[in-house]
file final10.cif (mmCIF, C-alpha atoms)
data_target
#
loop_
_atom_site.label_atom_id
_atom_site.label_comp_id
_atom_site.auth_asym_id
_atom_site.auth_seq_id
_atom_site.Cartn_x
_atom_site.Cartn_y
_atom_site.Cartn_z
CA MET A 21 0.00 0.00 0.00
CA THR A 22 2.84 2.39 0.82
CA ARG A 23 4.45 1.85 -2.59
CA MET A 24 1.18 2.53 -4.35
CA ARG A 25 0.63 5.69 -2.33
CA SER A 26 4.18 6.86 -3.12
CA ALA A 27 3.66 6.17 -6.80
CA CYS A 28 0.39 8.13 -6.80
CA VAL A 29 2.01 11.08 -5.02
CA CYS A 30 4.89 11.07 -7.51
CA ALA A 31 2.50 10.89 -10.47
CA LEU A 32 0.41 13.72 -9.08
CA GLY A 33 3.50 15.84 -8.52
CA LEU A 34 4.66 15.19 -12.07
CA MET A 35 1.26 16.21 -13.46
CA VAL A 36 1.27 19.43 -11.43
CA CYS A 37 4.77 20.31 -12.68
CA LEU A 38 3.79 19.57 -16.26
CA ALA A 39 0.62 21.69 -16.01
CA ALA A 40 2.61 24.58 -14.51
CA ALA A 41 5.17 24.39 -17.31
CA LEU A 42 2.47 24.38 -19.99
CA MET A 43 0.67 27.34 -18.43
CA ALA A 44 3.91 29.33 -18.20
CA ASP A 45 4.22 29.22 -22.00
CA ALA A 46 0.75 30.63 -22.56
CA PRO A 47 0.73 34.38 -23.19
CA PRO A 48 -1.50 36.60 -21.06
CA GLU A 49 -4.95 37.48 -22.36
CA GLY A 50 -4.81 40.32 -24.90
CA PHE A 51 -1.11 39.71 -25.62
CA GLU A 52 0.04 40.20 -29.21
CA ALA A 53 3.43 38.76 -30.12
CA LEU A 54 5.74 41.08 -32.04
CA PHE A 55 7.56 38.21 -33.69
CA ASN A 56 5.76 35.16 -35.04
CA GLY A 57 8.91 33.24 -36.00
CA LYS A 58 8.46 33.97 -39.72
CA ASP A 59 8.27 37.69 -40.47
CA LEU A 60 8.08 41.17 -38.94
CA SER A 61 4.45 41.87 -39.83
CA ASN A 62 3.51 42.69 -36.19
CA PHE A 63 6.54 44.93 -35.56
CA LYS A 64 5.68 48.56 -34.96
CA ALA A 65 8.78 50.13 -36.50
CA SER A 66 9.78 52.01 -39.63
CA GLU A 67 11.14 50.12 -42.61
CA ALA A 68 14.54 51.71 -41.91
CA GLN A 69 14.52 50.16 -38.43
CA LYS A 70 13.16 46.81 -39.62
CA LYS A 71 16.00 46.35 -42.13
CA HIS A 72 18.45 45.76 -39.25
CA TRP A 73 16.52 42.68 -38.05
CA VAL A 74 17.32 39.38 -39.76
CA ILE A 75 15.29 36.17 -39.42
CA LYS A 76 17.54 33.11 -39.36
CA ASP A 77 16.58 29.72 -40.85
CA ASP A 78 15.74 28.32 -37.41
CA GLY A 79 13.25 31.13 -36.68
CA VAL A 80 15.62 33.17 -34.52
CA LEU A 81 15.38 36.94 -34.76
CA GLU A 82 18.80 38.62 -34.83
CA PHE A 83 19.80 42.30 -34.84
CA ASN A 84 22.45 43.27 -37.38
CA PRO A 85 23.51 46.93 -37.03
CA ALA A 86 25.62 46.75 -40.21
CA GLN A 87 22.66 46.22 -42.51
#
call {"tool": "encode", "arguments": {"input": "final10.cif", "output": "structure tokens"}}
result
Amino acid sequence: MTRMRSACVCALGLMVCLAAALMADAPPEGFEALFNGKDLSNFKASEAQKKHWVIKDDGVLEFNPAQ
């Protein structure tokens, strides 16, 4: 009985940790992401400012002051 209780407590703890991790990734209500991983369509900047931002193949946004 003790082993079963320990297993249940561990499983419950794991589920709570997983739920907390999933909720942490959810943006707050009304949040609008500036970068969608593909383009700068949600950026609120001039075209002159946007030209310095480069989107890498893996979806990473990088600032390049030389451009």
call {"tool": "atom_distance", "arguments": {"input": "final10.cif", "atom1": "CA of Asn84 in chain A", "atom2": "CA of Gln69 in chain A"}}
result
10.6 Å
call {"tool": "resolve_selection", "arguments": {"input": "final10.cif", "expression": "the PyMOL selection byres ((chain A and resi 71) around 12)", "output": "list in words"}}
result
Asp59, Leu60, Phe63, Ala65, Ser66, Glu67, Ala68, Gln69, Lys70, His72, Trp73, Val74, Ile75, Leu81, Glu82, Phe83, Asn84, Pro85, Ala86 and Gln87 of chain A
call {"tool": "atom_distance", "arguments": {"input": "final10.cif", "atom1": "CA of Glu52 in chain A", "atom2": "CA of Lys64 in chain A"}}
result
11.6 Å
call {"tool": "atom_distance", "arguments": {"input": "final10.cif", "atom1": "CA of Asn62 in chain A", "atom2": "CA of Gly50 in chain A"}}
result
14.2 Å
call {"tool": "residues_around", "arguments": {"input": "final10.cif", "residues": "Gly79 in chain A", "least_positions_apart": "5", "cutoff": "9 Å", "atoms": "only C-alpha atoms", "output": "PyMOL selection string"}}
result
chain A and resi 56-58
